[in-house]
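Chemist: So I've got this file, final.txt, and it contains compact mmCIF, C-alpha atoms:
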```
# COMPACT_ATOMS: atom_id res chain seq x y z
CA MET X 68 10.56 -1.02 25.82
CA PRO X 69 11.12 -4.03 23.51
CA VAL X 70 7.96 -5.74 22.24
CA ALA X 71 9.22 -8.17 19.59
CA THR X 72 12.18 -8.52 17.24
CA ASN X 73 12.79 -5.06 15.76
CA VAL X 74 9.73 -3.65 17.56
CA TRP X 75 9.79 -1.26 20.52
CA ALA X 76 7.25 0.92 22.30
CA ALA X 77 7.45 4.16 24.25
CA ASP X 78 4.60 4.84 26.69
CA ARG X 79 3.76 8.36 27.79
CA PRO X 80 0.73 10.13 29.33
CA PHE X 81 -2.08 10.99 26.92
CA ILE X 82 -4.31 13.60 28.53
CA TRP X 83 -7.91 13.89 27.37
CA ASN X 84 -10.24 16.18 29.37
CA LYS X 85 -7.81 16.02 32.31
CA ILE X 86 -7.82 12.21 32.25
CA ASP X 87 -4.62 10.33 31.47
CA VAL X 88 -5.88 7.66 29.07
CA GLY X 89 -2.37 6.45 28.26
CA GLY X 90 -0.51 6.79 24.99
CA ARG X 91 1.99 4.60 23.17
CA MET X 92 4.35 5.10 20.26
CA ALA X 93 5.45 2.13 18.18
CA VAL X 94 8.95 1.92 16.72
CA LEU X 95 9.67 -0.54 13.90
CA ARG X 96 13.18 -1.14 12.58
CA LEU X 97 13.23 -1.88 8.86
CA LYS X 98 15.78 -4.14 7.22
CA ASP X 99 17.80 -1.14 6.01
CA GLY X 100 18.26 -0.13 9.67
CA THR X 101 15.98 2.92 9.61
CA LEU X 102 13.28 3.39 12.22
CA LEU X 103 9.60 3.87 11.50
CA VAL X 104 7.84 5.77 14.28
CA HIS X 105 4.06 5.38 14.53
CA SER X 106 1.99 7.91 16.52
CA PRO X 107 4.90 9.91 18.00
CA VAL X 108 4.73 10.83 21.67
CA VAL X 109 6.36 13.81 23.36
CA LEU X 110 10.06 13.82 22.50
CA ASP X 111 12.43 14.12 25.47
CA ASN X 112 16.18 13.61 25.81
CA ALA X 113 15.83 10.07 27.15
CA LEU X 114 13.77 9.04 24.14
CA VAL X 115 16.18 10.72 21.71
CA ASP X 116 19.08 8.80 23.27
CA ALA X 117 17.17 5.50 23.22
CA LEU X 118 16.29 5.89 19.55
CA ALA X 119 19.88 6.78 18.66
CA ARG X 120 20.94 3.39 19.99
CA LEU X 121 18.40 1.63 17.76
CA GLY X 122 19.06 3.41 14.47
CA PRO X 123 18.27 6.57 12.49
CA VAL X 124 14.67 7.80 12.46
CA GLY X 125 13.63 7.59 8.83
CA HIS X 126 9.81 7.54 8.87
CA ILE X 127 7.30 9.41 11.05
CA VAL X 128 3.66 8.30 10.76
CA SER X 129 0.71 10.35 12.02
CA PRO X 130 -1.99 7.67 11.78
CA ASN X 131 -5.22 9.57 12.40
CA TYR X 132 -6.75 12.94 13.20
CA GLU X 133 -6.21 12.61 16.96
CA HIS X 134 -2.62 11.36 17.22
CA VAL X 135 -0.92 14.42 15.80
CA LYS X 136 0.03 16.54 18.81
CA TYR X 137 3.79 15.92 18.62
CA ALA X 138 4.27 15.45 14.88
CA GLU X 139 5.73 18.92 14.36
CA GLN X 140 8.19 18.43 17.22
CA TRP X 141 9.44 15.22 15.64
CA GLN X 142 9.70 16.66 12.15
CA LYS X 143 11.85 19.51 13.45
CA ARG X 144 14.11 17.16 15.44
CA TYR X 145 14.46 14.72 12.52
CA PRO X 146 14.28 16.85 9.36
CA GLU X 147 15.77 14.08 7.21
CA ALA X 148 12.94 11.69 8.09
CA LYS X 149 9.98 11.37 5.75
CA ALA X 150 6.57 12.28 7.19
CA TYR X 151 3.45 10.23 6.47
CA ALA X 152 -0.15 11.04 7.36
CA CYS X 153 -3.65 9.69 7.16
CA PRO X 154 -5.74 11.15 4.31
CA GLY X 155 -7.03 14.64 5.07
CA LEU X 156 -4.27 15.83 7.38
CA LYS X 157 -2.50 17.80 4.64
CA ALA X 158 -5.65 19.85 4.08
CA ARG X 159 -6.46 20.20 7.80
CA GLU X 160 -2.97 21.25 8.92
CA PRO X 161 -0.91 22.21 5.85
CA GLY X 162 1.68 24.01 7.96
CA ILE X 163 2.64 20.72 9.61
CA PHE X 164 1.70 18.08 7.05
CA GLY X 165 2.00 19.95 3.77
CA ALA X 166 5.02 17.88 2.73
CA ALA X 167 3.77 14.59 4.18
CA VAL X 168 2.93 11.53 2.10
CA GLU X 169 -0.71 10.59 2.54
CA LEU X 170 -1.30 6.88 3.08
CA ARG X 171 -4.28 5.91 0.93
CA GLY X 172 -5.93 2.53 0.59
CA ARG X 173 -3.34 -0.22 0.88
CA ASP X 174 -0.65 1.63 -1.07
CA ALA X 175 2.68 1.28 0.74
CA PRO X 176 5.62 3.60 0.13
CA ALA X 177 8.49 1.90 -1.70
CA GLU X 178 10.80 2.81 1.18
CA TRP X 179 8.92 0.39 3.43
CA GLN X 180 10.34 -2.42 1.30
CA GLY X 181 7.36 -4.73 1.57
CA GLU X 182 7.85 -5.02 5.33
CA VAL X 183 5.15 -2.56 6.41
CA GLU X 184 1.71 -2.45 4.80
CA PRO X 185 -0.81 0.32 5.53
CA LEU X 186 -4.59 0.17 5.45
CA HIS X 187 -6.74 3.30 5.46
CA LEU X 188 -10.01 2.66 7.30
CA SER X 189 -12.12 4.76 4.97
CA TYR X 190 -15.50 3.38 6.04
CA GLU X 191 -16.14 5.36 9.23
CA ALA X 192 -17.70 8.79 9.59
CA ASN X 193 -19.09 11.10 12.25
CA PRO X 194 -22.86 10.41 12.11
CA PHE X 195 -23.64 14.07 12.85
CA THR X 196 -21.40 15.68 10.22
CA GLY X 197 -20.93 12.87 7.72
CA LYS X 198 -17.18 13.57 7.73
CA PRO X 199 -14.38 11.18 8.68
CA PHE X 200 -13.87 11.00 12.43
CA PHE X 201 -10.55 9.32 13.22
CA ASN X 202 -9.76 8.58 9.54
CA GLU X 203 -7.25 6.05 10.75
CA VAL X 204 -4.45 4.20 8.98
CA VAL X 205 -3.32 0.94 10.61
CA LEU X 206 0.00 -0.76 9.86
CA PHE X 207 0.91 -4.42 9.40
CA PHE X 208 4.57 -5.21 10.18
CA ARG X 209 5.14 -8.47 8.38
CA PRO X 210 8.41 -9.62 10.00
CA ALA X 211 6.86 -9.58 13.51
CA ARG X 212 3.30 -10.57 12.39
CA LEU X 213 2.20 -7.41 14.19
CA LEU X 214 -0.75 -5.04 13.72
CA VAL X 215 -0.20 -1.45 14.90
CA THR X 216 -3.35 0.57 15.69
CA SER X 217 -4.23 3.93 17.18
CA ASP X 218 -8.01 4.06 17.81
CA LEU X 219 -9.46 1.10 15.91
CA PHE X 220 -8.55 -1.09 18.89
CA TRP X 221 -7.74 -0.32 22.53
CA ASN X 222 -7.03 -2.76 25.32
CA TYR X 223 -7.35 -1.07 28.70
CA PRO X 224 -6.70 -3.50 31.56
CA SER X 225 -9.56 -4.53 33.82
CA VAL X 226 -7.73 -2.94 36.75
CA ALA X 227 -7.19 0.64 35.55
CA PRO X 228 -5.84 3.54 37.63
CA GLY X 229 -7.88 6.49 38.82
CA GLY X 230 -10.04 8.23 36.28
CA THR X 231 -9.02 5.74 33.62
CA LYS X 232 -11.59 3.34 35.09
CA LEU X 233 -14.35 5.67 33.98
CA TRP X 234 -12.67 6.11 30.60
CA LYS X 235 -12.40 2.34 30.16
CA PHE X 236 -16.11 1.93 30.90
CA GLY X 237 -17.01 4.71 28.47
CA MET X 238 -14.87 3.28 25.68
CA ASP X 239 -15.81 -0.38 26.19
CA GLN X 240 -19.49 -0.01 27.00
CA VAL X 241 -20.56 3.24 25.32
CA TYR X 242 -18.27 4.32 22.48
CA LEU X 243 -17.63 0.85 21.06
CA ARG X 244 -21.36 0.16 20.74
CA PHE X 245 -21.89 3.60 19.20
CA TYR X 246 -19.03 2.98 16.76
CA ARG X 247 -20.43 -0.35 15.61
CA SER X 248 -23.99 0.98 15.23
CA PHE X 249 -23.55 4.49 13.85
CA MET X 250 -20.01 5.19 12.59
CA ILE X 251 -19.62 2.45 9.98
CA LYS X 252 -21.08 4.34 7.01
CA ASP X 253 -19.63 2.57 3.97
CA LYS X 254 -20.53 -1.10 4.38
CA GLY X 255 -18.63 -2.15 1.27
CA ALA X 256 -15.43 -0.43 2.41
CA TYR X 257 -15.92 -1.89 5.88
CA GLU X 258 -16.20 -5.44 4.58
CA ALA X 259 -13.14 -4.91 2.37
CA ALA X 260 -11.17 -3.64 5.37
CA MET X 261 -12.27 -6.63 7.45
CA GLN X 262 -11.17 -8.95 4.65
CA THR X 263 -7.72 -7.38 4.74
CA LEU X 264 -7.41 -7.26 8.53
CA LEU X 265 -8.91 -10.62 9.40
CA GLN X 266 -8.23 -12.74 6.32
CA ASP X 267 -5.50 -11.41 4.03
CA TRP X 268 -2.95 -10.26 6.61
CA ASP X 269 -1.18 -12.95 8.64
CA TRP X 270 -0.67 -11.44 12.09
CA GLU X 271 -1.18 -12.44 15.72
CA ALA X 272 0.14 -9.57 17.85
CA ILE X 273 -1.42 -6.12 18.28
CA LEU X 274 0.38 -3.01 19.50
CA PRO X 275 -2.31 -0.40 20.27
CA CYS X 276 -1.73 3.21 21.25
CA HIS X 277 -3.99 2.74 24.28
CA GLY X 278 -3.95 -0.15 26.72
CA ASP X 279 -1.96 -3.36 26.87
CA ALA X 280 -0.10 -4.92 23.97
CA VAL X 281 -1.34 -8.33 22.82
CA ILE X 282 1.48 -10.72 21.96
CA SER X 283 -0.60 -13.69 20.80
CA GLY X 284 -4.23 -14.31 19.92
CA GLY X 285 -4.64 -10.76 18.70
CA LYS X 286 -6.69 -11.53 15.63
CA ALA X 287 -9.31 -13.41 17.65
CA LEU X 288 -9.41 -10.53 20.13
CA LEU X 289 -9.92 -7.97 17.35
CA ARG X 290 -12.77 -10.07 15.98
CA ARG X 291 -14.51 -9.93 19.35
CA HIS X 292 -13.74 -6.21 19.70
CA LEU X 293 -15.45 -5.50 16.38
CA GLY X 294 -18.31 -7.95 16.96
CA ARG X 295 -17.17 -10.19 14.09
CA THR X 296 -17.40 -13.50 15.96
```
Before we go any further, please render this structure as structure tokens.

Modeler:
Amino acid sequence: MPVATNVWAADRPFIWNKIDVGGRMAVLRLKDGTLLVHSPVVLDNALVDALARLGPVGHIVSPNYEHVKYAEQWQKRYPEAKAYACPGLKAREPGIFGAAVELRGRDAPAEWQGEVEPLHLSYEANPFTGKPFFNEVVLFFRPARLLVTSDLFWNYPSVAPGGTKLWKFGMDQVYLRFYRSFMIKDKGAYEAAMQTLLQDWDWEAILPCHGDAVISGGKALLRRHLGRT
């Protein structure tokens, strides 16, 4: 599904506790023609064929601790592609991510040619364990003025199917409040991340892994989502 110039998405079910909460993979085509895949979904023949028409898969990004289910499948299908991971995944799952490049801070791999910039959201932690929870890395695709997220931002529609209605309520009314109040542990790192996301980076569209894409007005929506208005 095309989203913007050199940006596509592939939507697939994302089952959590028997609820399909929806999942989306982002595909960015770099100026050298290679494809960057963010948060890979289950790989089937139709998706393989669709990607082949767009270009060679050169970069596979596992952006947080939750969006990793299909990473090994993709690495085996595209062994020439370089794997990237949020900090901590190499230690958690060395058999899958041992050779991956960890995306730390705002350091972008040279292969991304200044087109894609990462940001590691290092400020959040599980309030019960003190350890990183999602440990997410978001991406800024400069040519499309697009922010790609996994769990920092979700945008479930007001009319959601089946059990997703309950999930939407839980995420919007329960988890988001909990996140704001109890999971932001490093205030300095949080403010630095907000400076990057809301001031330094010039973007307007958001492509989340869950819920609807936002083509315009995305930065204002993220501000409201994070209670920064």

Chemist: Compile the contact shell of Phe208 in chain X as a list of chain:residue names: residues with an atom at most 7 Å away, counting only C-alpha atoms, same-chain residues fewer than 4 positions apart removed.

Modeler: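 Returned residues: X:Glu182, X:Val183, X:Glu184, X:Arg212, X:Leu213, X:Leu214.
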
Chemist: If we count only C-alpha atoms and set the cut-off at 8 Å, which residues sit around Leu188 in chain X, ignoring sequence neighbours fewer than 3 positions away in its own chain? Please answer as a PyMOL selection string.

Modeler: chain X and resi 172+191+202-205+256-257+260

Chemist: Residues proximal to (5.2, 4.7, 12.6) were defined as those with any atom within 9 Å of that point in the file's coordinates, counting only C-alpha atoms. Which are they, as a ChimeraX atom specification?

Modeler: /X:92-95,102-107,126-130,151,206,215

Chemist: Out of X:Phe201, X:Trp83, X:Tyr190, X:Trp179, which residue has the shortest atom-to-atom distance to Trp234 in chain X when counting only C-alpha atoms?

Modeler: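 The answer is X:Trp83, which sits nearest to Trp234 in chain X.
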
Chemist: Excluding Pro194 in chain X and its own-chain neighbours fewer than 3 positions away, which residues fall within 7 Å of it when counting all atoms listed in the file? Please give them as a ChimeraX atom specification.

Modeler: /X:197,249-250

Chemist: Distance CA of Ala148 in chain X-CA of Trp270 in chain X, one decimal place?

Modeler: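 So the two atoms, CA of Ala148 in chain X and CA of Trp270 in chain X, lie 27.1 Å apart.
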
Chemist: Taking into account all atoms listed in the file, which residue in the set X:Met238, X:Ala192, X:Val109, X:Ile251 is nearest to His292 in chain X?

Modeler: X:Met238

Chemist: Tell me, as a short mmCIF file (atom, residue, chain, number, x, y, z; two decimals) with C-alpha atoms, in the coordinates of the input, which residues lie within 10 Å of range 164-167 of chain X, counting only C-alpha atoms; anything in the same chain fewer than 2 positions away does not count.

Modeler:
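Below is the file that was written, out-v1.cif:
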```cif
data_model
loop_
_atom_site.label_atom_id
_atom_site.label_comp_id
_atom_site.auth_asym_id
_atom_site.auth_seq_id
_atom_site.Cartn_x
_atom_site.Cartn_y
_atom_site.Cartn_z
CA ILE X 127 7.30 9.41 11.05
CA VAL X 128 3.66 8.30 10.76
CA SER X 129 0.71 10.35 12.02
CA VAL X 135 -0.92 14.42 15.80
CA ALA X 138 4.27 15.45 14.88
CA GLU X 139 5.73 18.92 14.36
CA GLN X 142 9.70 16.66 12.15
CA LYS X 149 9.98 11.37 5.75
CA ALA X 150 6.57 12.28 7.19
CA TYR X 151 3.45 10.23 6.47
CA ALA X 152 -0.15 11.04 7.36
CA CYS X 153 -3.65 9.69 7.16
CA GLY X 155 -7.03 14.64 5.07
CA LEU X 156 -4.27 15.83 7.38
CA LYS X 157 -2.50 17.80 4.64
CA ALA X 158 -5.65 19.85 4.08
CA ARG X 159 -6.46 20.20 7.80
CA GLU X 160 -2.97 21.25 8.92
CA PRO X 161 -0.91 22.21 5.85
CA GLY X 162 1.68 24.01 7.96
CA GLU X 169 -0.71 10.59 2.54
CA LEU X 170 -1.30 6.88 3.08
#
```

Chemist: Restricting the calculation to all atoms listed in the file, which member of X:Gln262, X:Cys276, X:Tyr223, X:Leu289 is positioned closest to Phe236 in chain X?

Modeler: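 Looking at the shortest contact to Phe236 in chain X, the residue is X:Tyr223.
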
Chemist: Using all atoms listed in the file - which residues lie no farther than 12 Å from the point (10.1, -8.5, 21.5) in the file's frame? Write them as an mmCIF file with C-alpha atoms, in the frame of the given file.

Modeler:
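Output below, filename point_6.cif:
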```cif
data_model
loop_
_atom_site.group_PDB
_atom_site.id
_atom_site.type_symbol
_atom_site.label_atom_id
_atom_site.label_comp_id
_atom_site.auth_asym_id
_atom_site.auth_seq_id
_atom_site.Cartn_x
_atom_site.Cartn_y
_atom_site.Cartn_z
ATOM 1 C CA MET X 68 10.560 -1.020 25.820
ATOM 2 C CA PRO X 69 11.120 -4.030 23.510
ATOM 3 C CA VAL X 70 7.960 -5.740 22.240
ATOM 4 C CA ALA X 71 9.220 -8.170 19.590
ATOM 5 C CA THR X 72 12.180 -8.520 17.240
ATOM 6 C CA ASN X 73 12.790 -5.060 15.760
ATOM 7 C CA VAL X 74 9.730 -3.650 17.560
ATOM 8 C CA TRP X 75 9.790 -1.260 20.520
ATOM 9 C CA ALA X 76 7.250 0.920 22.300
ATOM 10 C CA VAL X 94 8.950 1.920 16.720
ATOM 11 C CA LEU X 95 9.670 -0.540 13.900
ATOM 12 C CA ARG X 96 13.180 -1.140 12.580
ATOM 13 C CA PRO X 210 8.410 -9.620 10.000
ATOM 14 C CA ALA X 211 6.860 -9.580 13.510
ATOM 15 C CA ARG X 212 3.300 -10.570 12.390
ATOM 16 C CA LEU X 213 2.200 -7.410 14.190
ATOM 17 C CA ALA X 272 0.140 -9.570 17.850
ATOM 18 C CA LEU X 274 0.380 -3.010 19.500
ATOM 19 C CA ALA X 280 -0.100 -4.920 23.970
ATOM 20 C CA VAL X 281 -1.340 -8.330 22.820
ATOM 21 C CA ILE X 282 1.480 -10.720 21.960
ATOM 22 C CA SER X 283 -0.600 -13.690 20.800
#
```

Chemist: Could you tell me which of X:Gly285, X:Gly122, X:Gly255, X:Pro275 comes closest to Leu219 in chain X if we count only C-alpha atoms?

Modeler: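 Checking each of X:Gly285, X:Gly122, X:Gly255, X:Pro275 against Leu219 in chain X, counting only C-alpha atoms, the winner is X:Pro275.
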
Chemist: Which value, in Å to one decimal, gives the distance between CA of Phe195 in chain X and CA of Asp218 in chain X?

Modeler: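 Spanning CA of Phe195 in chain X to CA of Asp218 in chain X is a straight-line distance of 19.2 Å.
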
Chemist: Using CA of Lys252 in chain X and CA of Pro224 in chain X as the two end points, give the distance in Å to one decimal.

Modeler: 29.5 Å
